[in-house]
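Asks: Below is the structure I would like to discuss, written out as structure tokens.
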Amino acid sequence: MSEWQEFLIEDLAEFCNAKRVPLSSMQRQQLQGSYPYYGASGIVDYINDYIFEGSHILISEDGENLKSRNTPIAFEASGKFWVNNHAHILKAKEPHLTKILIHYFAQLDLTPYLTGAVQPKLNKATLSKIPLYLPSSTAEQKAIASVLSSLDDKIDLLHRQNKTLEAMAETLFRQWFIEEAKEDWEDKQLGTLLTVKRGGSPRPIQDYLSDSGYCWLKISDVTSLNSPFVFNIKEHIKEEGLSKTTLLQAGKLVLSNSATPAIPKILMVDTCIHDGWLHFPVSTYSNEYLYLLFNHIRPELLQLGNGSIFTNLKTDILKEYVVKHPDEASLLKFQTVIEPIFTKLLENAKQIQTLEKLRDMLLPKLMSGEVRVQYQTEEVA
């Protein structure tokens, strides 16, 4: 087995400088959506003037983002892509180091490395000197990367399966209830088909937040969640706050109504919800139907929302929204088709949770040498 030694980020990766590519308005329009665009908080759907090609590591320089970790702080961008100037672009000196560095930054507390009081940043000079320990043997480094890659590949496969399953469910919903809606189905307001209630928040909320206690669902817990199901909730509130909020059991469906409104999610843990969430204690529809319905009408709901800073989805907007109400036989038949799809979605989501926990548990042990992996010594030519 090889010895462990300290490396600096600059020993393992090179910084890439953005080169401006001048574009005319017509070129911008032609390239719109052709390549992914990455900003400090992840991927967005427009392009900028800085183009890269190949496999790179992007690390946010935004200190607030790094402290809150509401969005990924380090991720891999492959192929041809665009990037703004709020992310550091690194190129690993060896391909296997890409995987190791991304996972290292995923768990590293970067707070000590931030500079600037008003707008904290992770600057290039500080980032380049961040230390990490790795085995001196390249072969053992590759073995560690291989373990991480195997877990990531399985997780990615399950995510892709779920993306396909959810697209299938959306297609079936649109076909059954939009494209082939029956003429005799009645137009009804949603408020006549389900009970719409808002959550509640004890105030000032800072006095009730705790490291343990009852889960406290925030909008930021779901904004980057590519799944119908909520497993992980970061914050908690004390028992004293229960009388001022709404505690929901696992299995309930919720809908965001502020900040990033009209996002439906199905809870997989008991949690308290604040008044930025809606819930439905009585409903004519199943969770699966409601989830697909809300996703389908979300663009219209957003247009109906209002607010000077954030779009707000008031309860009356949702109650008064008119839908075609299918007959009971159609709803029951659809449920028999859609329920197995959501069951598989949930099974995959649970497996993703298990694999991610295993990977996150293994990572520090692999990086510290507490857990060693077998590898073959590379022959010197």
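Just so we're on the same page: first chain in the structure tokens is A, next is B, and so on; residues restart at 1 for each chain, and ligands are numbered from 1 in the order they show up.
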Could you list, as a PyMOL selection string, every residue within 8 Å of A:Ser210, counting only C-alpha atoms and ignoring same-chain residues fewer than 2 positions away?
Replies: chain A and resi 208+212-213+235-238
Asks: Could you give me, as a ChimeraX atom specification, each residue of stretch 164-326 of chain A that DSSP assigns to strand (DSSP E or B) when run on this structure's backbone?
Replies: /A:186-189,194,197-198,209-210,214-217,229-230,235-237,246-248,253-256,264-267,271-273,277-279,283,306,312,322-325
Asks: Any chance you could tabulate, as a Markdown table, the residues of stretch 171-289 of chain A at most 12 Å from stretch 329-344 of chain A with each one's nearest atom pair and distance in Å to one decimal, using only C-alpha atoms, in chain and rising number order?
Replies:
```
| residue | atom | partner | partner_atom | distance |
| --- | --- | --- | --- | --- |
| A:Thr171 | CA | A:Ile338 | CA | 10.9 |
| A:Leu172 | CA | A:Ile338 | CA | 8.2 |
| A:Phe173 | CA | A:Phe334 | CA | 8.3 |
| A:Arg174 | CA | A:Phe334 | CA | 11.6 |
| A:Gln175 | CA | A:Phe334 | CA | 11.0 |
| A:Trp176 | CA | A:Phe334 | CA | 8.1 |
| A:Phe177 | CA | A:Ser330 | CA | 9.1 |
| A:Glu180 | CA | A:Ser330 | CA | 11.4 |
| A:Ala181 | CA | A:Ser330 | CA | 10.1 |
| A:Lys182 | CA | A:Ser330 | CA | 10.0 |
| A:Trp185 | CA | A:Ser330 | CA | 10.5 |
| A:Ser227 | CA | A:Phe342 | CA | 10.7 |
| A:Pro228 | CA | A:Phe342 | CA | 8.9 |
| A:Phe229 | CA | A:Phe342 | CA | 10.0 |
| A:Ile266 | CA | A:Phe342 | CA | 10.9 |
| A:Thr284 | CA | A:Leu331 | CA | 9.8 |
| A:Tyr285 | CA | A:Leu331 | CA | 8.1 |
| A:Ser286 | CA | A:Gln335 | CA | 7.9 |
| A:Asn287 | CA | A:Glu339 | CA | 9.7 |
| A:Glu288 | CA | A:Glu339 | CA | 7.2 |
| A:Tyr289 | CA | A:Gln335 | CA | 7.8 |
```
Asks: Quick one: everything within 8 Å of A:Glu3, counting only C-alpha atoms, minus sequence neighbours fewer than 2 positions away in the same chain. Send it as a PyMOL selection string.
Replies: chain A and resi 1+5+135-137
Asks: What would the file look like if the residues just selected were written as a compact mmCIF listing (two decimals), in the first residue's frame with N, CA and C atoms?
Replies:
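This went into result.txt:
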```txt
# COMPACT_ATOMS: atom_id res chain seq x y z
N MET A 1 0.83 -1.19 0.00
CA MET A 1 0.00 0.00 0.00
C MET A 1 0.88 1.26 0.00
N GLN A 5 -0.01 11.47 1.30
CA GLN A 5 0.72 12.73 1.34
C GLN A 5 -0.23 13.89 1.08
N PRO A 135 -3.33 9.12 -1.46
CA PRO A 135 -2.20 8.21 -1.57
C PRO A 135 -1.22 8.70 -2.63
N SER A 136 0.05 8.48 -2.40
CA SER A 136 1.06 8.92 -3.37
C SER A 136 1.00 8.12 -4.65
N SER A 137 0.50 6.90 -4.57
CA SER A 137 0.40 6.03 -5.74
C SER A 137 -0.75 6.45 -6.64
```
Asks: Using only C-alpha atoms for the distances, tell me which of A:Ile263, A:Leu304, A:Leu165, A:Leu101 is nearest to A:Val230.
Replies: A:Ile263
Asks: I need the helix (DSSP H, G or I) residues of stretch 42-248 of chain A per DSSP on the backbone, written as number ranges by chain.
Replies: A: 63-68, 95-107, 111-113, 124-128, 138-179, 190-192, 205-207, 219-221, 239-244
Asks: Identify which of the residues A:Leu209, A:Leu217, A:Ile9, A:Ala250 lies closest to A:Trp277, counting only C-alpha atoms when measuring atom-to-atom distances.
Replies: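 Closest to A:Trp277, using only C-alpha atoms: A:Leu217.
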Asks: Would you tabulate, counting only C-alpha atoms, all residues of stretch 98-121 of chain A that have an atom at most 12 Å from an atom of stretch 359-364 of chain A, showing the closest pair of atoms and their distance in Å to one decimal, sorted by chain then ascending number, as a tab-separated table?
Replies:
```
residue	atom	partner	partner_atom	distance
A:Lys99	CA	A:Leu363	CA	11.1
A:Ile100	CA	A:Leu363	CA	8.9
A:Leu101	CA	A:Leu363	CA	11.0
A:Ile102	CA	A:Leu363	CA	11.0
A:His103	CA	A:Leu363	CA	7.4
A:Tyr104	CA	A:Leu363	CA	7.7
A:Phe105	CA	A:Leu363	CA	10.9
A:Ala106	CA	A:Asp360	CA	9.0
A:Gln107	CA	A:Asp360	CA	7.9
A:Leu108	CA	A:Pro364	CA	9.8
```
Asks: Write the residues of the selection above to a file with C-alpha atoms, as a PDB file, in the first residue's frame.
Replies:
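The resulting file, out-v7.pdb, is shown below:
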```pdb
ATOM      1  CA  LYS A  99     -14.136  12.534  -9.653  1.00  0.00           C
ATOM      2  CA  ILE A 100     -12.052  12.776  -6.473  1.00  0.00           C
ATOM      3  CA  LEU A 101     -11.986  16.592  -6.459  1.00  0.00           C
ATOM      4  CA  ILE A 102     -15.727  16.975  -7.067  1.00  0.00           C
ATOM      5  CA  HIS A 103     -16.596  14.661  -4.195  1.00  0.00           C
ATOM      6  CA  TYR A 104     -13.979  16.245  -1.957  1.00  0.00           C
ATOM      7  CA  PHE A 105     -15.534  19.681  -2.402  1.00  0.00           C
ATOM      8  CA  ALA A 106     -19.023  18.256  -1.922  1.00  0.00           C
ATOM      9  CA  GLN A 107     -18.180  17.520   1.721  1.00  0.00           C
ATOM     10  CA  LEU A 108     -15.545  20.138   2.523  1.00  0.00           C
TER      11      LEU A 108
END
```
Asks: Report, in Å with one decimal, the straight-line distance from atom CA of A:Phe231 to atom CA of A:Leu345.
Replies: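 If I compute the distance from atom CA of A:Phe231 to atom CA of A:Leu345, I get 13.3 Å.
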Asks: Point out the residue among A:Leu313, A:Ile73, A:Leu346, A:Ala125 with the least atom-to-atom distance to A:Glu166, counting only C-alpha atoms.
Replies: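 Counting only C-alpha atoms, the residue closest to A:Glu166 is A:Leu346.
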Asks: Mind checking which residues fall within 9 Å of A:Ile144, counting only C-alpha atoms, ignoring those fewer than 6 positions away in the same chain, and posting them as a PyMOL selection string?
Replies: chain A and resi 96+100+363+366-367+372-373
